[in-house]
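Shown here: coords.csv, CSV, C-alpha atoms.
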chain,number,residue,atom,x,y,z
Q,25,MET,CA,113.2,94.9,28.5
Q,26,LYS,CA,111.9,96.9,25.5
Q,27,ALA,CA,108.3,96.9,24.4
Q,28,ILE,CA,107.9,94.3,21.5
Q,29,ILE,CA,106.3,95.4,18.2
Q,30,GLY,CA,105.2,92.4,16.1
Q,31,ILE,CA,105.6,93.1,12.4
Q,32,THR,CA,103.6,91.1,9.9
Q,33,PRO,CA,105.9,89.5,7.3
Q,34,LEU,CA,105.9,90.1,3.5
Q,35,TYR,CA,105.6,87.1,1.2
Q,36,ASP,CA,107.4,86.3,-2.0
Q,37,GLU,CA,105.3,83.8,-3.9
Q,38,LYS,CA,108.0,83.1,-6.6
Q,39,LEU,CA,110.6,82.2,-4.0
Q,40,SER,CA,108.1,80.8,-1.5
Q,41,SER,CA,109.7,82.8,1.2
Q,42,ILE,CA,108.9,85.5,3.8
Q,43,TRP,CA,111.0,88.7,3.8
Q,44,MET,CA,111.1,92.2,5.3
Q,45,ILE,CA,111.8,95.8,4.3
Q,46,PRO,CA,114.6,97.0,6.7
Q,47,GLY,CA,112.8,100.4,7.1
Q,48,TYR,CA,110.0,98.8,9.1
Q,49,CYS,CA,112.3,97.3,11.6
Q,50,ASP,CA,114.6,100.3,11.7
Q,51,ALA,CA,111.8,102.7,12.4
Q,52,VAL,CA,110.5,100.6,15.2
Q,53,ALA,CA,113.9,100.2,16.7
Q,54,ASP,CA,114.7,103.9,16.4
Q,55,ALA,CA,111.5,104.6,18.3
Q,56,GLY,CA,112.9,102.5,21.2
Q,57,CYS,CA,111.0,99.2,20.8
Q,58,LEU,CA,112.1,95.7,19.8
Q,59,PRO,CA,110.9,94.7,16.3
Q,60,VAL,CA,109.9,91.1,15.9
Q,61,ILE,CA,109.0,89.6,12.5
Q,62,LEU,CA,105.9,87.4,13.0
Q,63,PRO,CA,105.3,84.0,11.5
Q,64,LEU,CA,103.1,83.8,8.4
Q,65,ARG,CA,100.5,81.6,10.1
Q,66,SER,CA,96.9,82.4,10.8
Q,67,ASP,CA,95.8,79.6,13.1
Q,68,GLU,CA,94.1,80.6,16.3
Q,69,GLU,CA,96.9,79.5,18.6
Q,70,THR,CA,99.5,81.6,16.7
Q,71,VAL,CA,97.2,84.7,16.8
Q,72,GLU,CA,96.7,84.2,20.5
Q,73,SER,CA,100.4,83.8,21.1
Q,74,VAL,CA,101.1,87.0,19.2
Q,75,ALA,CA,98.5,88.9,21.2
Q,76,GLU,CA,100.2,87.6,24.4
Q,77,LEU,CA,103.8,88.3,23.3
Q,78,CYS,CA,103.4,91.7,21.5
Q,79,ASP,CA,102.9,95.1,23.1
Q,80,GLY,CA,102.0,96.5,19.6
Q,81,ILE,CA,101.5,95.4,16.0
Q,82,LEU,CA,102.7,96.8,12.7
Q,83,LEU,CA,100.6,95.8,9.7
Q,84,THR,CA,102.8,96.0,6.6
Q,85,GLY,CA,102.3,96.5,2.9
Q,86,GLY,CA,102.2,93.7,0.3
Q,87,GLN,CA,99.8,92.0,-2.0
Q,88,ASP,CA,96.3,93.3,-2.9
Q,89,VAL,CA,93.6,92.3,-0.3
Q,90,GLU,CA,91.4,89.6,-1.7
Q,91,PRO,CA,88.3,91.4,-3.1
Q,92,THR,CA,85.8,88.7,-1.9
Q,93,LEU,CA,86.6,89.8,1.7
Q,94,TYR,CA,84.8,93.1,1.0
Q,95,GLY,CA,82.1,91.8,-1.2
Q,96,LYS,CA,83.6,92.4,-4.7
Q,97,GLU,CA,84.8,90.2,-7.5
Q,98,ARG,CA,88.4,90.0,-8.8
Q,99,THR,CA,89.2,91.9,-12.0
Q,100,ASP,CA,92.2,91.8,-14.3
Q,101,ARG,CA,93.5,94.9,-12.4
Q,102,CYS,CA,93.8,93.0,-9.1
Q,103,GLY,CA,97.1,91.6,-8.2
Q,104,GLU,CA,97.5,88.1,-6.9
Q,105,PRO,CA,96.4,87.9,-3.2
Q,106,CYS,CA,98.2,86.2,-0.3
Q,107,PRO,CA,95.3,84.4,1.5
Q,108,VAL,CA,97.3,83.5,4.6
Q,109,LYS,CA,98.5,87.2,5.1
Q,110,ASP,CA,94.9,88.4,4.6
Q,111,LYS,CA,93.7,85.9,7.3
Q,112,LEU,CA,96.5,86.6,9.7
Q,113,GLU,CA,96.2,90.3,9.6
Q,114,CYS,CA,92.4,90.3,9.8
Q,115,ALA,CA,92.6,88.1,12.9
Q,116,LEU,CA,95.3,90.3,14.4
Q,117,ALA,CA,93.3,93.5,13.7
Q,118,LEU,CA,90.1,92.1,15.3
Q,119,THR,CA,92.1,90.8,18.3
Q,120,ALA,CA,93.9,94.1,18.7
Q,121,LYS,CA,90.6,96.0,18.6
Q,122,GLU,CA,89.1,93.7,21.2
Q,123,ARG,CA,92.2,93.9,23.6
Q,124,ASP,CA,93.3,97.4,22.8
Q,125,ILE,CA,96.7,96.4,21.4
Q,126,PRO,CA,98.3,99.4,19.7
Q,127,VAL,CA,98.4,99.0,15.9
Q,128,LEU,CA,100.0,100.9,13.1
Q,129,GLY,CA,98.9,100.0,9.5
Q,130,ILE,CA,101.0,101.1,6.5
Q,131,CYS,CA,99.7,101.2,2.9
Q,132,ARG,CA,98.0,97.8,2.6
Q,133,GLY,CA,97.9,97.8,6.4
Q,134,LEU,CA,95.3,100.7,6.3
Q,135,GLN,CA,93.3,98.9,3.6
Q,136,LEU,CA,93.4,95.6,5.5
Q,137,MET,CA,92.2,97.2,8.8
Q,138,ASN,CA,89.3,98.9,6.9
Q,139,VAL,CA,88.3,95.5,5.3
Q,140,ALA,CA,88.6,93.7,8.7
Q,141,PHE,CA,86.2,96.1,10.3
Q,142,GLY,CA,83.6,96.0,7.5
Q,143,GLY,CA,84.8,98.6,5.0
Q,144,THR,CA,85.5,98.3,1.2
Q,145,LEU,CA,88.3,99.1,-1.1
Q,146,VAL,CA,88.6,100.7,-4.5
Q,147,ARG,CA,90.2,97.8,-6.5
Q,148,ASP,CA,92.1,100.1,-9.0
Q,149,LEU,CA,92.2,103.8,-8.6
Q,150,PRO,CA,92.9,104.8,-12.2
Q,151,THR,CA,90.2,102.6,-13.8
Q,152,GLU,CA,87.5,102.7,-11.0
Q,153,ALA,CA,87.9,106.2,-9.7
Q,154,GLY,CA,89.9,108.1,-12.3
Q,155,LYS,CA,92.6,108.8,-9.7
Q,156,THR,CA,96.3,109.0,-10.8
Q,157,GLY,CA,99.4,110.1,-9.1
Q,158,HIS,CA,99.3,107.6,-6.3
Q,159,ALA,CA,101.8,105.0,-7.8
Q,160,MET,CA,105.1,106.8,-7.6
Q,161,THR,CA,108.4,105.6,-9.1
Q,162,PRO,CA,111.7,105.4,-7.2
Q,163,PRO,CA,113.2,106.9,-5.1
Q,164,TYR,CA,110.4,106.3,-2.6
Q,165,ASP,CA,111.6,108.6,0.1
Q,166,ARG,CA,110.5,111.7,-1.7
Q,167,THR,CA,107.0,113.3,-1.6
Q,168,VAL,CA,104.6,113.2,-4.6
Q,169,HIS,CA,101.3,114.6,-3.4
Q,170,GLY,CA,99.6,116.5,-0.5
Q,171,VAL,CA,97.1,115.3,2.1
Q,172,LYS,CA,94.8,117.3,4.3
Q,173,ILE,CA,95.1,116.2,7.9
Q,174,CYS,CA,91.6,116.0,9.4
Q,175,GLU,CA,90.8,117.4,12.8
Q,176,GLY,CA,91.5,114.8,15.4
Q,177,MET,CA,94.2,112.3,16.3
Q,178,LEU,CA,96.7,112.9,13.5
Q,179,ARG,CA,96.4,116.6,13.5
Q,180,ASP,CA,97.0,116.6,17.2
Q,181,LEU,CA,100.1,114.4,16.7
Q,182,PHE,CA,101.6,116.2,13.8
Q,183,GLY,CA,100.6,119.8,14.7
Q,184,THR,CA,99.6,120.6,11.1
Q,185,ASP,CA,96.6,120.4,8.9
Q,186,SER,CA,98.5,119.5,5.7
Q,187,LEU,CA,101.4,117.3,4.7
Q,188,ARG,CA,103.3,116.1,1.7
Q,189,VAL,CA,103.7,112.3,1.4
Q,190,ASN,CA,105.2,109.5,-0.6
Q,191,SER,CA,102.6,107.3,-2.3
Q,192,TYR,CA,102.9,103.8,-3.9
Q,193,HIS,CA,99.5,102.1,-4.3
Q,194,HIS,CA,96.8,101.4,-6.9
Q,195,GLN,CA,94.1,100.4,-4.4
Q,196,ALA,CA,92.6,102.5,-1.7
Q,197,VAL,CA,90.0,102.8,1.0
Q,198,GLY,CA,86.5,102.9,-0.6
Q,199,GLU,CA,83.7,102.9,2.0
Q,200,LEU,CA,85.2,103.6,5.4
Q,201,ALA,CA,84.4,101.0,8.0
Q,202,PRO,CA,81.7,102.3,10.5
Q,203,CYS,CA,84.1,102.1,13.5
Q,204,LEU,CA,86.8,104.1,11.8
Q,205,LYS,CA,87.3,107.8,11.3
Q,206,ALA,CA,89.1,109.5,8.4
Q,207,ALA,CA,92.4,111.1,9.5
Q,208,ALA,CA,93.8,112.3,6.2
Q,209,VAL,CA,92.5,112.8,2.7
Q,210,SER,CA,94.6,113.4,-0.5
Q,211,ASP,CA,94.3,116.4,-2.7
Q,212,ASP,CA,92.1,114.4,-5.1
Q,213,GLY,CA,89.8,113.0,-2.4
Q,214,VAL,CA,91.3,109.6,-1.5
Q,215,THR,CA,91.2,108.5,2.1
Q,216,GLU,CA,94.9,108.5,3.1
Q,217,ALA,CA,94.7,107.7,6.8
Q,218,ALA,CA,92.1,106.5,9.3
Q,219,TYR,CA,92.0,105.6,13.0
Q,220,LEU,CA,89.9,103.8,15.6
Q,221,PRO,CA,88.7,106.6,18.0
Q,222,GLU,CA,87.9,104.1,20.8
Q,223,ALA,CA,91.5,102.7,20.9
Q,224,SER,CA,94.5,103.9,22.7
Q,225,PHE,CA,96.4,103.8,19.3
Q,226,PHE,CA,95.0,102.2,16.2
Q,227,VAL,CA,96.0,104.1,13.1
Q,228,GLY,CA,96.5,103.3,9.4
Q,229,VAL,CA,98.3,105.5,6.8
Q,230,GLN,CA,98.3,105.0,3.1
Q,231,TRP,CA,101.8,106.5,2.6
Q,232,HIS,CA,105.1,105.0,3.7
Q,233,PRO,CA,106.6,106.6,6.8
Q,234,GLU,CA,109.1,103.7,7.1
Q,235,LEU,CA,110.8,105.1,3.9
Q,236,ARG,CA,110.5,108.8,4.5
Q,237,ARG,CA,111.8,109.1,8.1
Q,238,ASP,CA,111.0,112.8,8.4
Q,239,GLU,CA,109.7,114.4,11.6
Q,240,TYR,CA,106.2,113.3,10.9
Q,241,SER,CA,107.2,109.7,10.2
Q,242,ARG,CA,109.2,109.7,13.4
Q,243,ALA,CA,106.3,111.1,15.3
Q,244,LEU,CA,104.0,108.3,14.0
Q,245,PHE,CA,106.4,105.5,15.1
Q,246,ALA,CA,107.1,107.3,18.4
Q,247,ALA,CA,103.3,107.4,19.1
Q,248,LEU,CA,103.1,103.7,18.4
Q,249,ALA,CA,106.1,103.0,20.7
Q,250,LYS,CA,104.7,105.1,23.5
Q,251,SER,CA,101.3,103.3,23.4
Q,252,ALA,CA,103.1,100.0,23.3
Q,253,GLU,CA,105.3,100.9,26.3
Q,254,ASN,CA,102.2,102.0,28.2
Q,255,ARG,CA,100.5,98.7,27.5
Q,256,LYS,CA,103.6,96.8,28.6
Q,257,ALA,CA,103.9,98.7,31.8
Q,258,ALA,CA,100.2,98.1,32.6
Q,259,ARG,CA,100.5,94.4,32.0
Q,260,GLU,CA,103.6,94.3,34.3
Q,261,ARG,CA,101.7,96.1,37.0
Q,262,ARG,CA,98.9,93.5,36.8
Q,263,GLY,CA,101.5,90.8,37.1
Hey, can you dump this file as structure tokens for me?
Amino acid sequence: MKAIIGITPLYDEKLSSIWMIPGYCDAVADAGCLPVILPLRSDEETVESVAELCDGILLTGGQDVEPTLYGKERTDRCGEPCPVKDKLECALALTAKERDIPVLGICRGLQLMNVAFGGTLVRDLPTEAGKTGHAMTPPYDRTVHGVKICEGMLRDLFGTDSLRVNSYHHQAVGELAPCLKAAAVSDDGVTEAAYLPEASFFVGVQWHPELRRDEYSRALFAALAKSAENRKAARERRG
């Protein structure tokens, strides 16, 4: 049986429905794992069940993270939050950290893991930090800016110290959580990736590897899959 990667769902408030971008599932499946879309529920029993079922977790993009979760007030530049997604993903991030469940966070997923571990966000890059060029227009599989890959986990994985990435976000990591380490920084100084050094695999990237599918995107999902497979094998050995 394949290792299971639980993918947090996207939510459409207008239609009151959950949905999914095919690229998330396709990238996980192409890496050799079974993608499973998780329920949009944040109760303790659901989180515990997810932790027992899944060999890895993918934290997806979506709505802005609620600013009060990182000690700031909402502004007219903040989009409408999704409280249940915030609560679910914070709980999953904390549980995954505690149990060493492999995690990949994408875009909002990076921001969410930073908030869950005590970091902050820039609520709007253009107005608060004077940063532009991070909210690209279609097509989203092209690159729009460069990032410097910091020494450590991602540089070892990619085998390069620089990368061109796609980028679609107006919020970003502000103060990095104490337990996280920066893994990539954009040309204009925005934290574009971070990881949890103590974990087997716990990485967040601000760009969208599920839409690019180049060698570096495939390497990222392959690393998640390998870590999930290792966890699955270890659990099977324990019985």
With distances taken over all atoms listed in the file, which of Q:Trp43, Q:Trp231, Q:Tyr164, Q:Phe226 is nearest to Q:Lys121?
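Using all atoms listed in the file, Q:Lys121 sits closest to Q:Phe226.
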I want to know what sits within 6 Å of stretch 219-224 of chain Q, based on only C-alpha atoms, with residues of the same chain fewer than 6 positions away left out; could you give that as a ChimeraX atom specification?
/Q:124,204-205
Across Q:Cys78, Q:Arg101, Q:Gln230, Q:Pro163, the smallest distance to Q:Arg255, with all atoms listed in the file counted, is shown by Q:Cys78
Just give me the gap between atom CA of Q:Gly129 and atom CA of Q:Asp148 in Å, one decimal is fine.
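Answer for the atom CA of Q:Gly129 to atom CA of Q:Asp148 separation: 19.7 Å.
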7 Å contact set for stretch 184-199 of chain Q, all atoms listed in the file, chain neighbours under 3 positions out, as a list in words
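My reading of the contact set: Gln135, Gly143, Thr144, Leu145, Val146, Arg147, Asp148, Leu149, His158, Ala159, Met160, Tyr164, Asp165, Arg166, Thr167, Val168, His169, Gly170, Val171, Lys172, Ile173, Cys174, Arg179, Thr215, Trp231 and His232 of chain Q.
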Atom CA of Q:Gly80 to atom CA of Q:Leu200, distance in Å rounded to a single decimal
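Computing the Euclidean distance for atom CA of Q:Gly80 and atom CA of Q:Leu200 yields 23.1 Å.
Of the listed residues Q:Arg261, Q:Ala140, Q:Lys111, Q:Phe182, the one whose atoms come nearest to Q:Ser241 is Q:Phe182, with distances taken using all atoms listed in the file.
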Residue neighbourhood Q:Ile31, 10 Å, all atoms listed in the file, exclusion window fewer than 6 positions, as number ranges by chain:
Q: 44, 48-49, 52, 59-63, 78, 80-84, 127-128
Work out how far apart atom CA of Q:Pro126 and atom CA of Q:Phe225 are and give it in Å to one decimal.
4.8 Å
Counting only C-alpha atoms, I want the residues whose atoms come within 7 Å of (92.8, 85.4, 11.2) in the file frame, returned as a VMD selection string.
chain Q and resid 66 to 67 111 to 116
List the spatial neighbours of Q:Ala257 as a VMD selection string - criterion: any atom at most 12 Å away, all atoms listed in the file, same-chain residues fewer than 4 positions off excluded.
chain Q and resid 25 to 28 79 250 to 253 261 to 263
Of the candidates Q:Arg242, Q:Arg132, Q:Lys155, Q:Lys38, which one gets nearest to Q:Gly228 if we count only C-alpha atoms?
Q:Arg132
Tell me which of Q:Gly85, Q:Ala243, Q:Leu34, Q:Ser41 sits closest to Q:Ile130, counting only C-alpha atoms.
Q:Gly85
Shortest contact to Q:Ser73, candidates Q:Gly95, Q:Cys106, Q:Thr119, Q:Tyr35, atoms counted only C-alpha atoms, goes to Q:Thr119
